[in-house]
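Coordinates as given in input01.txt (compact mmCIF, C-alpha atoms and all ligand atoms):
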```txt
# COMPACT_ATOMS: atom_id res chain seq x y z
CA MET U 1 -48.37 -14.99 52.69
CA PHE U 2 -47.30 -11.91 54.63
CA ASN U 3 -48.52 -12.07 58.23
CA LEU U 4 -47.34 -9.27 60.56
CA LYS U 5 -47.82 -11.29 63.76
CA LYS U 6 -45.64 -14.09 62.42
CA VAL U 7 -43.02 -11.58 61.25
CA ILE U 8 -42.81 -10.00 64.74
CA LYS U 9 -42.45 -13.46 66.32
CA ALA U 10 -39.76 -14.48 63.83
CA ARG U 11 -37.94 -11.18 64.47
CA LYS U 12 -37.76 -11.96 68.23
CA THR U 13 -36.28 -15.40 67.52
CA LEU U 14 -33.76 -13.78 65.20
CA GLU U 15 -32.74 -11.31 67.96
CA ARG U 16 -32.16 -14.18 70.44
CA VAL U 17 -30.11 -16.18 67.92
CA THR U 18 -28.10 -13.08 66.99
CA SER U 19 -27.25 -12.29 70.60
CA LEU U 20 -26.11 -15.91 71.14
CA LEU U 21 -24.03 -15.83 67.96
CA PHE U 22 -22.26 -12.66 69.08
CA LYS U 23 -21.41 -14.24 72.45
CA LEU U 24 -20.02 -17.36 70.74
CA PHE U 25 -18.00 -15.25 68.33
CA GLN U 26 -16.39 -13.34 71.22
CA ILE U 27 -15.60 -16.57 73.10
CA LYS U 28 -13.98 -18.05 69.98
CA LEU U 29 -11.84 -14.94 69.46
CA ARG U 30 -11.18 -14.49 73.20
CA TYR U 31 -12.16 -10.85 72.91
CA LYS U 32 -14.78 -8.95 74.93
CA GLU U 33 -16.54 -6.25 72.96
CA LYS U 34 -17.11 -3.10 75.05
CA ARG U 35 -17.95 -0.59 72.33
CA PRO U 36 -21.69 0.14 72.39
CA ASP U 37 -21.98 0.63 68.63
CA TYR U 38 -20.64 -2.83 67.67
CA GLY U 39 -22.53 -6.12 67.48
CA ILE U 40 -24.09 -8.57 65.08
CA GLU U 41 -27.26 -7.68 63.26
CA ILE U 42 -29.03 -10.07 60.92
CA PHE U 43 -30.75 -7.62 58.63
CA GLU U 44 -34.15 -8.75 57.49
CA TYR U 45 -33.36 -8.02 53.89
CA PHE U 46 -32.52 -11.43 52.56
CA TYR U 47 -31.74 -10.61 48.94
CA LEU U 48 -28.27 -12.07 48.19
CA PRO U 49 -27.72 -11.53 44.45
CA TRP U 50 -24.15 -12.91 44.55
CA LYS U 51 -25.61 -16.40 45.04
CA SER U 52 -27.23 -16.60 41.63
CA ASP U 53 -25.39 -14.27 39.22
CA ASP U 54 -23.74 -16.76 36.84
CA GLU U 55 -21.24 -14.30 35.37
CA PHE U 56 -20.12 -13.20 38.84
CA LEU U 57 -19.83 -16.79 40.08
CA ALA U 58 -17.75 -17.85 37.05
CA ASN U 59 -15.38 -14.89 37.55
CA TYR U 60 -15.26 -15.53 41.30
CA ASP U 61 -14.17 -19.15 40.77
CA LEU U 62 -11.15 -17.96 38.80
CA ILE U 63 -9.84 -15.50 41.41
CA SER U 64 -11.17 -16.72 44.79
CA GLU U 65 -7.81 -18.08 46.00
CA PHE U 66 -6.25 -14.65 45.53
CA THR U 67 -8.57 -12.58 47.72
CA LEU U 68 -9.56 -12.47 51.37
CA ASN U 69 -12.83 -10.69 50.61
CA PRO U 70 -16.16 -12.55 50.92
CA LYS U 71 -18.52 -12.94 47.98
CA SER U 72 -20.87 -10.24 49.28
CA ARG U 73 -18.22 -7.49 49.17
CA LEU U 74 -16.73 -8.77 45.90
CA TYR U 75 -20.18 -8.53 44.36
CA THR U 76 -20.36 -4.80 45.16
CA ILE U 77 -17.04 -4.28 43.34
CA TYR U 78 -18.12 -6.48 40.42
CA GLU U 79 -21.44 -4.70 40.01
CA MET U 80 -20.19 -1.13 40.55
CA SER U 81 -17.24 -1.63 38.18
CA LYS U 82 -19.62 -2.33 35.31
CA LYS U 83 -21.10 1.16 35.58
CA TYR U 84 -18.37 3.35 37.06
CA LEU U 85 -15.20 1.97 35.44
CA LEU U 86 -15.20 3.91 32.19
CA ASP U 87 -13.52 3.04 28.89
CA ASN U 88 -10.01 4.53 28.48
CA THR U 89 -9.50 5.14 32.22
CA SER U 90 -7.56 3.54 35.07
CA PHE U 91 -8.50 1.19 37.89
CA VAL U 92 -6.45 1.29 41.09
CA GLU U 93 -6.53 -1.16 43.97
CA VAL U 94 -4.57 -0.11 47.06
CA GLY U 95 -3.98 -3.03 49.38
CA SER U 96 -4.33 -5.63 46.65
CA TRP U 97 -2.73 -8.47 48.68
CA LYS U 98 -2.59 -11.34 46.08
CA GLY U 99 -4.53 -9.38 43.46
CA GLY U 100 -7.85 -11.23 43.32
CA VAL U 101 -10.00 -8.08 43.33
CA THR U 102 -8.03 -6.47 40.51
CA GLY U 103 -8.42 -9.75 38.61
CA LEU U 104 -12.18 -9.77 39.20
CA VAL U 105 -12.50 -6.21 37.86
CA ALA U 106 -10.39 -7.10 34.81
CA LEU U 107 -12.52 -10.17 34.06
CA THR U 108 -15.71 -8.18 34.41
CA ASN U 109 -14.62 -5.33 32.14
CA LYS U 110 -12.94 -7.16 29.24
CA ASP U 111 -14.72 -4.95 26.71
CA LYS U 112 -13.01 -1.77 27.99
CA ASN U 113 -9.52 -0.34 27.52
CA ILE U 114 -8.32 -0.03 31.13
CA ASP U 115 -4.94 0.48 32.81
CA TYR U 116 -4.87 -1.68 35.95
CA TYR U 117 -2.70 -0.81 38.98
CA SER U 118 -2.49 -3.43 41.73
CA CYS U 119 -0.69 -1.74 44.65
CA ASP U 120 0.66 -3.26 47.84
CA THR U 121 3.64 -3.00 50.15
CA PHE U 122 3.94 -6.83 49.89
CA ALA U 123 5.28 -6.45 53.44
CA GLY U 124 1.93 -6.08 55.16
CA VAL U 125 0.03 -3.26 56.84
CA VAL U 126 1.80 0.07 57.50
CA ASN U 127 1.01 3.49 59.00
CA SER U 128 -0.79 2.27 62.13
CA SER U 129 -1.39 5.14 64.57
CA GLU U 130 -3.33 5.93 67.74
CA LYS U 131 -6.50 5.93 65.59
CA ASP U 132 -6.13 2.16 65.01
CA SER U 133 -6.89 0.09 68.10
CA PHE U 134 -5.92 -3.31 66.71
CA PHE U 135 -3.45 -3.06 63.81
CA LYS U 136 0.21 -2.67 64.74
CA ASN U 137 1.82 -3.05 61.22
CA SER U 138 3.03 -6.07 59.19
CA GLU U 139 -0.29 -7.96 59.27
CA TYR U 140 -1.06 -9.71 55.94
CA SER U 141 2.61 -9.86 54.90
CA ASP U 142 2.16 -13.16 53.04
CA ALA U 143 1.45 -11.85 49.52
CA LEU U 144 4.06 -11.57 46.74
CA PRO U 145 4.17 -9.60 43.47
CA SER U 146 4.33 -13.01 41.74
CA ASP U 147 0.84 -13.80 43.13
CA VAL U 148 -0.56 -10.80 41.25
CA LYS U 149 1.36 -11.90 38.14
CA LYS U 150 -0.39 -15.30 38.41
CA VAL U 151 -3.75 -13.51 38.50
CA SER U 152 -2.67 -11.49 35.47
CA GLU U 153 -2.14 -14.78 33.59
CA ILE U 154 -5.43 -16.27 34.79
CA VAL U 155 -7.45 -13.26 33.65
CA ASN U 156 -5.30 -12.75 30.54
CA THR U 157 -4.90 -9.01 31.16
CA ASN U 158 -1.85 -6.94 32.04
CA LEU U 159 -2.02 -5.89 35.70
CA ASN U 160 0.65 -3.34 36.67
CA VAL U 161 2.10 -4.37 40.02
CA VAL U 162 3.09 -1.36 42.15
CA GLU U 163 5.23 -2.39 45.11
CA GLY U 164 5.77 -0.13 48.14
CA ILE U 165 3.89 2.19 50.45
CA PHE U 166 1.11 3.93 48.57
CA PRO U 167 0.95 6.79 47.49
CA GLN U 168 4.74 7.32 47.55
CA SER U 169 4.99 4.09 45.52
CA MET U 170 3.32 5.97 42.63
CA ASN U 171 6.02 8.68 42.45
CA SER U 172 7.79 7.10 39.49
CA ILE U 173 4.59 6.04 37.73
CA ASN U 174 2.88 8.16 35.13
CA ILE U 175 -0.88 7.49 35.19
CA LYS U 176 -1.87 8.21 31.58
CA ASN U 177 -5.61 7.92 31.97
CA PRO U 178 -7.65 9.28 34.92
CA ILE U 179 -8.89 6.92 37.60
CA SER U 180 -12.64 6.31 37.32
CA PHE U 181 -12.97 3.44 39.81
CA ALA U 182 -10.85 2.26 42.75
CA HIS U 183 -10.78 -0.11 45.69
CA ILE U 184 -8.96 0.79 48.91
CA ASP U 185 -8.38 -2.05 51.36
CA VAL U 186 -5.55 -1.00 53.68
CA ASP U 187 -6.81 -1.45 57.28
CA THR U 188 -5.43 1.76 58.86
CA TYR U 189 -6.59 5.38 59.14
CA ILE U 190 -3.51 7.05 57.62
CA SER U 191 -3.20 4.60 54.71
CA ALA U 192 -6.91 4.98 53.89
CA LYS U 193 -6.71 8.79 54.02
CA GLU U 194 -3.52 9.10 51.94
CA SER U 195 -4.83 6.57 49.39
CA LEU U 196 -8.16 8.34 48.93
CA GLU U 197 -6.51 11.76 48.60
CA PHE U 198 -4.17 10.48 45.87
CA ILE U 199 -6.96 8.70 43.99
CA PHE U 200 -9.29 11.68 43.95
CA LYS U 201 -6.41 13.98 42.89
CA ASN U 202 -5.93 11.67 39.89
CA GLY U 203 -9.60 10.77 39.50
CA SER U 204 -12.19 11.92 37.01
CA LYS U 205 -15.39 13.70 38.08
CA GLY U 206 -17.78 10.93 39.04
CA CYS U 207 -14.95 8.65 40.15
CA LEU U 208 -16.19 5.98 42.58
CA VAL U 209 -14.07 4.57 45.38
CA VAL U 210 -15.09 1.49 47.35
CA LEU U 211 -13.43 1.86 50.76
CA ASP U 212 -13.16 -1.55 52.42
CA ASP U 213 -12.84 -2.05 56.19
CA TYR U 214 -15.55 0.53 57.00
CA GLY U 215 -17.26 -0.80 60.10
CA GLY U 216 -14.98 -3.84 60.39
CA TRP U 217 -14.63 -5.17 63.90
CA PHE U 218 -10.86 -4.62 63.99
CA THR U 219 -10.49 -1.75 61.50
CA ASP U 220 -11.84 1.11 63.59
CA GLY U 221 -9.27 3.58 62.18
CA VAL U 222 -10.85 3.25 58.73
CA THR U 223 -14.33 3.59 60.23
CA LYS U 224 -13.24 6.85 61.93
CA TYR U 225 -11.89 8.16 58.63
CA GLY U 226 -15.05 7.14 56.75
CA ASN U 227 -17.22 8.92 59.31
CA GLU U 228 -15.20 12.11 58.78
CA LEU U 229 -15.96 11.95 55.05
CA LYS U 230 -19.69 11.49 55.42
CA PHE U 231 -20.48 15.20 55.65
CA SER U 232 -17.92 16.48 53.13
CA GLU U 233 -19.34 18.70 50.37
CA ASP U 234 -16.95 17.17 47.85
CA PHE U 235 -18.29 13.62 47.95
CA PHE U 236 -21.49 11.63 48.07
CA VAL U 237 -20.81 8.99 50.72
CA VAL U 238 -22.88 5.89 51.45
CA PRO U 239 -22.13 2.95 53.77
CA ASN U 240 -23.57 -0.35 52.54
CA HIS U 241 -23.06 -1.99 55.97
CA LEU U 242 -21.36 -4.98 54.36
CA GLY U 243 -18.02 -3.47 55.41
CA GLN U 244 -17.72 -0.97 52.58
CA LEU U 245 -18.16 2.78 52.21
CA LEU U 246 -18.98 3.99 48.70
CA ILE U 247 -17.44 7.40 47.98
CA TYR U 248 -18.45 9.23 44.82
CA LYS U 249 -16.48 12.29 43.70
CA LEU U 250 -18.87 15.17 42.98
CA ASN U 251 -16.48 17.74 41.50
C1 LIG U 301 -6.61 -6.99 54.16
S1 LIG U 301 -5.29 -6.93 53.07
C2 LIG U 301 -6.06 -6.60 51.52
C3 LIG U 301 -6.92 -7.72 51.01
C4 LIG U 301 -7.17 -7.69 49.52
N1 LIG U 301 -7.75 -6.47 49.04
C5 LIG U 301 -8.01 -8.86 49.10
O1 LIG U 301 -8.94 -8.69 48.32
O2 LIG U 301 -7.73 -9.97 49.56
C6 LIG U 301 -4.57 -5.36 53.38
C7 LIG U 301 -3.39 -5.08 52.48
O3 LIG U 301 -3.10 -3.69 52.50
C8 LIG U 301 -1.71 -3.53 52.27
N2 LIG U 301 -1.39 -2.13 52.65
C9 LIG U 301 -1.73 -1.48 53.79
N3 LIG U 301 -1.35 -0.18 53.74
C10 LIG U 301 -0.76 0.00 52.53
C11 LIG U 301 -0.16 1.12 51.88
N4 LIG U 301 -0.12 2.34 52.45
N5 LIG U 301 0.36 0.94 50.66
C12 LIG U 301 0.30 -0.27 50.04
N6 LIG U 301 -0.26 -1.37 50.60
C13 LIG U 301 -0.79 -1.23 51.83
C14 LIG U 301 -1.10 -4.64 53.12
O4 LIG U 301 0.18 -4.99 52.71
C15 LIG U 301 -2.10 -5.78 52.92
O5 LIG U 301 -1.69 -6.67 51.89
```
Give the structure from this file in structure tokens form.
Amino acid sequence: MFNLKKVIKARKTLERVTSLLFKLFQIKLRYKEKRPDYGIEIFEYFYLPWKSDDEFLANYDLISEFTLNPKSRLYTIYEMSKKYLLDNTSFVEVGSWKGGVTGLVALTNKDKNIDYYSCDTFAGVVNSSEKDSFFKNSEYSDALPSDVKKVSEIVNTNLNVVEGIFPQSMNSINIKNPISFAHIDVDTYISAKESLEFIFKNGSKGCLVVLDDYGGWFTDGVTKYGNELKFSEDFFVVPNHLGQLLIYKLN
């Protein structure tokens, strides 16, 4: 039964454990956090739907080796794709790495006619600038176009592999159907900005972009870019505080 006194007591314990966890995490990573707006928070909202959704879990098992994303963030993409990825449109993932997220979206939307574009440099992160405190380029350079092709076979759907720096990598590609849903997971300010601008230029009204890295400990360039978007009149922008910013195109 709900008992406010017990809740307040439990909350204090949670705060102590959280503070200890954050200290341990910093020791393990040999990094001292000085930014006042960073830390660990255990939110008291304990609903974790990704633990019990059978369809999601079955799809996850098929693609989990091909993504670095945790179940919580994959679940957002899985769930949002069902509503926002429209029949006869395109899905784009920028920063696909081995292609697991594109595979998850394809598995989840088998009933729709979708053109899938799985885009990566396959040479790691690019475009780092003074806005990015941690990324210096070339991180995550261990994915190959053949990894995405393996995912394509697993999910039994054609995934177009686009190799090179996005959006220039799209110069020779003719997107037939507008983009209605996209995932951007590129780690740096400039790559996030250029990716979003291209996607919304080729996106339908109501297009939804899930911007990964928002709020990530080491991806502060993307967080800065996301914060710039929050007050734009062109988008409805919501952080879910799982590391993703949801950006909905209004016009
Ligand atoms: C953290 S990884 C992406 C993880 C992936 N989405 C997953 O689910 O595992 C970041 C990726 O972004 C790619 N990347 C960064 N900037 C890019 C750009 N401008 N164009 C294409 N790929 C880019 C890197 O090569 C790297 O593979």
Report task. Find the residue from U:Trp217, U:Tyr189, U:Tyr38, U:Phe43 that sits nearest to Leu14 in chain U; use only C-alpha atoms when measuring. Result -> U:Phe43
Find the residues around Asn177 in chain U up to 6 Å (all atoms listed in the file counted), leave out those fewer than 2 positions away in its own chain, and share them as a compact mmCIF listing (two decimals) with C-alpha atoms, in the coordinates of the input.
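Written output follows (selection.txt):
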```txt
# COMPACT_ATOMS: atom_id res chain seq x y z
CA THR U 89 -9.50 5.14 32.22
CA SER U 90 -7.56 3.54 35.07
CA ILE U 175 -0.88 7.49 35.19
```
Find the residues near Ile199 in chain U: any atom within 10 Å, counting all atoms listed in the file, skip ones fewer than 6 places away on the same chain, and give them as a short mmCIF file (atom, residue, chain, number, x, y, z; two decimals) with C-alpha atoms, keeping the file's coordinate frame.
```cif
data_model
loop_
_atom_site.label_atom_id
_atom_site.label_comp_id
_atom_site.auth_asym_id
_atom_site.auth_seq_id
_atom_site.Cartn_x
_atom_site.Cartn_y
_atom_site.Cartn_z
CA PHE U 91 -8.50 1.19 37.89
CA VAL U 92 -6.45 1.29 41.09
CA GLU U 93 -6.53 -1.16 43.97
CA VAL U 94 -4.57 -0.11 47.06
CA PRO U 167 0.95 6.79 47.49
CA PRO U 178 -7.65 9.28 34.92
CA ILE U 179 -8.89 6.92 37.60
CA SER U 180 -12.64 6.31 37.32
CA PHE U 181 -12.97 3.44 39.81
CA ALA U 182 -10.85 2.26 42.75
CA HIS U 183 -10.78 -0.11 45.69
CA ILE U 184 -8.96 0.79 48.91
CA CYS U 207 -14.95 8.65 40.15
CA LEU U 208 -16.19 5.98 42.58
CA VAL U 209 -14.07 4.57 45.38
#
```
Report summary line: Of U:Lys230, U:Lys205, U:Arg30, U:Lys193, the one nearest to ligand LIG 301 (chain U) when counting all atoms listed in the file is U:Lys193
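CA of Gly100 in chain U lies 4.7 Å from CA of Thr67 in chain U.
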**Report entry** Closest of U:Asp120, U:Asp61, U:Asp37, U:Glu44 to ligand LIG 301 (chain U) - atom-to-atom distances counting only C-alpha atoms and all ligand atoms
**Finding:** U:Asp120
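Look at Leu144 in chain U: the protein and nucleic acid residues within 9 Å of it, using only C-alpha atoms and passing over chain neighbours fewer than 6 places away, are Trp97, Lys98, Phe122 and Ala123 of chain U.
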Could you build a table of the residues in chain U lying no more than 6 Å from ligand LIG 301 (chain U), giving for each the nearest pair of atoms and their separation in Å rounded to one decimal place, using all atoms listed in the file, ordered by chain and ascending residue number, as JSON lines?
```
{"residue": "U:Thr67", "atom": "CA", "partner": "U:LIG301", "partner_atom": "O2", "distance": 3.3}
{"residue": "U:Leu68", "atom": "CA", "partner": "U:LIG301", "partner_atom": "O2", "distance": 3.6}
{"residue": "U:Asn69", "atom": "CA", "partner": "U:LIG301", "partner_atom": "O1", "distance": 4.9}
{"residue": "U:Val94", "atom": "CA", "partner": "U:LIG301", "partner_atom": "C12", "distance": 5.7}
{"residue": "U:Gly95", "atom": "CA", "partner": "U:LIG301", "partner_atom": "O3", "distance": 3.3}
{"residue": "U:Ser96", "atom": "CA", "partner": "U:LIG301", "partner_atom": "N1", "distance": 4.3}
{"residue": "U:Trp97", "atom": "CA", "partner": "U:LIG301", "partner_atom": "O5", "distance": 3.8}
{"residue": "U:Gly100", "atom": "CA", "partner": "U:LIG301", "partner_atom": "O1", "distance": 5.7}
{"residue": "U:Val101", "atom": "CA", "partner": "U:LIG301", "partner_atom": "O1", "distance": 5.1}
{"residue": "U:Cys119", "atom": "CA", "partner": "U:LIG301", "partner_atom": "C12", "distance": 5.7}
{"residue": "U:Asp120", "atom": "CA", "partner": "U:LIG301", "partner_atom": "N6", "distance": 3.5}
{"residue": "U:Thr121", "atom": "CA", "partner": "U:LIG301", "partner_atom": "N6", "distance": 4.3}
{"residue": "U:Phe122", "atom": "CA", "partner": "U:LIG301", "partner_atom": "O4", "distance": 5.0}
{"residue": "U:Ala123", "atom": "CA", "partner": "U:LIG301", "partner_atom": "O4", "distance": 5.4}
{"residue": "U:Gly124", "atom": "CA", "partner": "U:LIG301", "partner_atom": "O4", "distance": 3.2}
{"residue": "U:Val125", "atom": "CA", "partner": "U:LIG301", "partner_atom": "C9", "distance": 3.9}
{"residue": "U:Val126", "atom": "CA", "partner": "U:LIG301", "partner_atom": "N3", "distance": 4.9}
{"residue": "U:Tyr140", "atom": "CA", "partner": "U:LIG301", "partner_atom": "C15", "distance": 5.1}
{"residue": "U:Ser141", "atom": "CA", "partner": "U:LIG301", "partner_atom": "O4", "distance": 5.9}
{"residue": "U:Gly164", "atom": "CA", "partner": "U:LIG301", "partner_atom": "C12", "distance": 5.8}
{"residue": "U:Ile165", "atom": "CA", "partner": "U:LIG301", "partner_atom": "N5", "distance": 3.8}
{"residue": "U:Phe166", "atom": "CA", "partner": "U:LIG301", "partner_atom": "N5", "distance": 3.7}
{"residue": "U:Asp185", "atom": "CA", "partner": "U:LIG301", "partner_atom": "N1", "distance": 5.0}
{"residue": "U:Val186", "atom": "CA", "partner": "U:LIG301", "partner_atom": "O3", "distance": 3.8}
{"residue": "U:Asp187", "atom": "CA", "partner": "U:LIG301", "partner_atom": "C6", "distance": 6.0}
{"residue": "U:Ser191", "atom": "CA", "partner": "U:LIG301", "partner_atom": "N4", "distance": 4.4}
```
